[in-house]
Amino acid sequence: MKLFDNTEVAFALKSDSQLERAYFLFRMIQNEPMVRIGSAVTNFALKAHLPIEGLIRSTVFDHFCGGVTEEDCLPIIDNMYNNGNVHSVLDYSVEGKDEEASFDGALEKILKILNFCEEKKSIPYAVFKPTGFGRFALYQKISEGKELSESEKQEWSRVEARFHKVCKSALEKDVPLLIDAEESWMQKAADDLIEELMATYNKEKAIVFNTLQMYRHDRMEYLKQLHQKAHQEGFHIGMKVVRGAYMEKERERAKEKGYPSPICENKLATDENYDNAIRYMMEHKNMALFAGTHNEESSYLLMELAKQYGIKNDDKRLWFGQLFGMSDHISYNLANEGYNVAKYLPFGPVRDVMPYLIRRAEENTSVAGQTSRELNLLKTERKRRKL
């Protein structure tokens, strides 16, 4: 039996009723028209303030999220860690707020999570999105090389100050910090800022991690250039490597604005790009890798590479990451073999987390084979348990 086929290990933490709920949800998600209609109806109901939060909470929310607050998440975090050896990354998944007060609020939230990380071995990383700390349009303007007004310059220095405050705290507490990637047309500003932060805070080891979305065909070249820079300036690279989360949006915008799409031409090219990135990172010292992947082949490859380069299963420079509620067959079987594994555990008010949940559902329908693989494994385990 191949490692990821072991459903007994994969679903050991799920009660019979949780297993049934997962089976029901993935059957729904497999139906693309259903997901589209469901998303539209949910959006409408939330905007119209209809009382559907209870229903959302007991179905999708509880399957894909840890809770409404950090404290809500603690029983799940403890259960995964104590009974499955799987760590958690607390992900405050509130999107699209554009006021200074909400940016300062997000900063306080991340500083609080850093305290959690310092106290609990089960939470090895903190994470945030660049647009949690500043306006999307501001990143975009800087990425496009446009001149900022005086007030925008002040606004940007507040954004930089938030990043520095969080990185300084992460360094003091010795907790690595993952910074997510977003849409390509705002990413350059974030990349440039994060490179500065790496040069400042990653002198001894990787504390600050950027994210590479490998469905972008230019990211391999970017990684090589960054590696050269790190070599010259004497800092460590921390990188979360993922396939990417905004594909449809990226392609539509490129078509609409008439520029070449930044996205690889097909799934195969993305897969090759992803595997090349993890190969490159494993080959070179002074790099720490957080491999965010739901792909079994890439996970097997990474295990092979670790063996090849003499990197122990529990070496802190190598982590595997999956989203909570998905790919338990990868997470728990890897953890069972002694690898470092972390689940991204989203939390936040139900209403505010909905955009995240809808994106997850849509992504699942668009990744060929992902949902049917989840369903088959759940079926196998139901059979094993004679449900």
# chains A, B, ... in the order shown; residues from 1 in each chain; ligands from 1

$ select_by_dssp --residues "segment 82-278 of chain A" --states "strand (DSSP E or B)" --output "PDB file with C-alpha atoms, in the first residue's frame"
ATOM      1  CA  HIS A  87       0.855  21.217  13.936  1.00  0.00           C
ATOM      2  CA  SER A  88      -1.358  24.232  13.175  1.00  0.00           C
ATOM      3  CA  VAL A  89      -0.832  27.605  11.544  1.00  0.00           C
ATOM      4  CA  LEU A  90      -3.491  30.032  12.771  1.00  0.00           C
ATOM      5  CA  ASP A  91      -4.749  31.920   9.735  1.00  0.00           C
ATOM      6  CA  TYR A  92      -6.919  34.971  10.408  1.00  0.00           C
ATOM      7  CA  TYR A 125       4.466  29.602  12.453  1.00  0.00           C
ATOM      8  CA  ALA A 126       2.474  32.828  12.278  1.00  0.00           C
ATOM      9  CA  VAL A 127       1.015  33.991   8.962  1.00  0.00           C
ATOM     10  CA  PHE A 128      -0.559  37.083   7.375  1.00  0.00           C
ATOM     11  CA  LEU A 177       6.590  34.189   9.879  1.00  0.00           C
ATOM     12  CA  LEU A 178       4.849  33.214   6.623  1.00  0.00           C
ATOM     13  CA  ILE A 179       3.751  36.091   4.383  1.00  0.00           C
ATOM     14  CA  VAL A 208      10.713  35.873   7.401  1.00  0.00           C
ATOM     15  CA  PHE A 209       9.170  33.706   4.654  1.00  0.00           C
ATOM     16  CA  ASN A 210       7.799  34.987   1.358  1.00  0.00           C
ATOM     17  CA  THR A 211       5.440  32.892  -0.806  1.00  0.00           C
ATOM     18  CA  LEU A 212       6.008  31.712  -4.372  1.00  0.00           C
ATOM     19  CA  GLN A 213       2.916  30.891  -6.434  1.00  0.00           C
ATOM     20  CA  ARG A 216       3.267  31.969 -12.384  1.00  0.00           C
ATOM     21  CA  ILE A 237      15.816  32.569   2.355  1.00  0.00           C
ATOM     22  CA  GLY A 238      12.531  31.378   3.838  1.00  0.00           C
ATOM     23  CA  MET A 239       9.950  30.409   1.237  1.00  0.00           C
ATOM     24  CA  LYS A 240       6.501  28.949   1.251  1.00  0.00           C
ATOM     25  CA  VAL A 241       5.991  27.293  -2.144  1.00  0.00           C
ATOM     26  CA  VAL A 242       2.419  26.798  -3.384  1.00  0.00           C
ATOM     27  CA  ILE A 263      -0.003  31.948 -15.485  1.00  0.00           C
TER      28      ILE A 263
END

$ residues_around --residues "Tyr300 of chain A" --least-positions-apart "2" --cutoff "12 Å" --atoms "only C-alpha atoms" --output "JSON, numbers by chain"
{"A": [2, 3, 4, 275, 278, 291, 293, 294, 295, 296, 297, 298, 302, 303, 304, 305, 306, 307, 320, 330, 333, 334]}

$ select_by_dssp --residues "segment 20-258 of chain A" --states "alpha helix (DSSP H)" --output "PyMOL selection string"
chain A and resi 20-29+32-47+53-56+62-64+70-84+100-119+136-143+150-173+184-201+219-233+247-257

$ atom_distance --atom1 "atom CA of Lys205 of chain A" --atom2 "atom CA of Ser184 of chain A"
27.5 Å

$ closest_residue --among "A:Leu345, A:Leu25, A:Ala199, A:Ala335" --to "Ala230 of chain A" --atoms "only C-alpha atoms"
A:Ala199

$ closest_residue --among "A:Tyr215, A:Phe61, A:Tyr222, A:Tyr259" --to "Asn273 of chain A" --atoms "only C-alpha atoms"
A:Tyr215

$ closest_atom_pairs --of "segment 34-153 of chain A" --to "segment 356-365 of chain A" --cutoff "10 Å" --atoms "only C-alpha atoms" --output "tab-separated table"
residue	atom	partner	partner_atom	distance
A:Val35	CA	A:Glu362	CA	6.8
A:Arg36	CA	A:Glu362	CA	7.7
A:Gly38	CA	A:Ile358	CA	8.9
A:Ser39	CA	A:Ile358	CA	6.1
A:Ala40	CA	A:Ile358	CA	9.3
A:Thr42	CA	A:Ile358	CA	8.9
A:Asn43	CA	A:Ile358	CA	9.0
A:Val60	CA	A:Leu357	CA	7.5
A:Phe61	CA	A:Leu357	CA	7.5
A:Phe64	CA	A:Leu357	CA	7.5
A:Cys65	CA	A:Leu357	CA	8.7
A:Ser93	CA	A:Tyr356	CA	6.6
A:Val94	CA	A:Tyr356	CA	7.7
A:Glu95	CA	A:Tyr356	CA	7.4

$ write_last_selection --atoms "C-alpha atoms" --output "short mmCIF file (atom, residue, chain, number, x, y, z; two decimals), in the first residue's frame"
data_model
loop_
_atom_site.label_atom_id
_atom_site.label_comp_id
_atom_site.auth_asym_id
_atom_site.auth_seq_id
_atom_site.Cartn_x
_atom_site.Cartn_y
_atom_site.Cartn_z
CA VAL A 35 -21.05 25.20 -5.95
CA ARG A 36 -21.79 28.17 -8.22
CA GLY A 38 -24.55 27.76 -3.50
CA SER A 39 -21.92 30.53 -3.53
CA ALA A 40 -24.34 33.01 -5.12
CA THR A 42 -24.82 32.37 0.30
CA ASN A 43 -23.47 35.76 -0.80
CA VAL A 60 -18.70 24.22 5.62
CA PHE A 61 -17.40 26.50 8.37
CA PHE A 64 -12.75 24.08 6.90
CA CYS A 65 -12.27 26.48 9.85
CA SER A 93 -8.93 34.70 7.18
CA VAL A 94 -10.78 38.00 7.09
CA GLU A 95 -10.39 39.54 3.63
#

$ residues_around --residues "Glu381 of chain A" --least-positions-apart "2" --cutoff "12 Å" --atoms "only C-alpha atoms" --output "ChimeraX atom specification"
/A:5-12,14-16,19-20,22-23,329,374-379,383-387

$ write_last_selection --atoms "C-alpha atoms" --output "JSON list (two decimals), in the first residue's frame"
[["chain", "number", "residue", "atom", "x", "y", "z"],
["A", 5, "ASP", "CA", -3.62, 5.32, 0.79],
["A", 6, "ASN", "CA", -3.74, 4.57, 4.51],
["A", 7, "THR", "CA", -7.19, 5.88, 5.49],
["A", 8, "GLU", "CA", -7.05, 4.49, 9.02],
["A", 9, "VAL", "CA", -4.19, 6.89, 9.85],
["A", 10, "ALA", "CA", -5.63, 9.69, 7.67],
["A", 11, "PHE", "CA", -9.03, 9.82, 9.42],
["A", 12, "ALA", "CA", -8.12, 8.52, 12.89],
["A", 14, "LYS", "CA", -12.55, 11.99, 12.75],
["A", 15, "SER", "CA", -15.59, 10.65, 14.58],
["A", 16, "ASP", "CA", -18.15, 8.73, 12.50],
["A", 19, "LEU", "CA", -16.55, 11.46, 8.55],
["A", 20, "GLU", "CA", -20.14, 11.48, 7.26],
["A", 22, "ALA", "CA", -16.93, 15.34, 5.17],
["A", 23, "TYR", "CA", -18.34, 12.78, 2.74],
["A", 329, "HIS", "CA", -4.40, 11.46, 3.87],
["A", 374, "GLU", "CA", -10.95, 12.94, -1.27],
["A", 375, "LEU", "CA", -14.29, 11.22, -1.88],
["A", 376, "ASN", "CA", -12.73, 7.86, -2.70],
["A", 377, "LEU", "CA", -10.62, 7.92, 0.44],
["A", 378, "LEU", "CA", -13.67, 8.84, 2.55],
["A", 379, "LYS", "CA", -15.60, 5.98, 0.91],
["A", 383, "LYS", "CA", -16.32, 0.88, 4.28],
["A", 384, "ARG", "CA", -13.49, 0.03, 6.69],
["A", 385, "ARG", "CA", -15.62, 1.32, 9.58],
["A", 386, "LYS", "CA", -18.72, -0.37, 8.13],
["A", 387, "LEU", "CA", -20.72, 2.88, 8.24]]

$ closest_residue --among "A:Gln187, A:Asn276, A:Asn313, A:Gln140" --to "Pro262 of chain A" --atoms "only C-alpha atoms"
A:Gln187

$ atom_distance --atom1 "atom CA of Glu118 of chain A" --atom2 "atom CA of Lys165 of chain A"
16.2 Å

$ residues_around --residues "Lys316 of chain A" --least-positions-apart "6" --cutoff "12 Å" --atoms "only C-alpha atoms" --output "PyMOL selection string"
chain A and resi 124-125+175-176+205-207+238+287-290+338-342
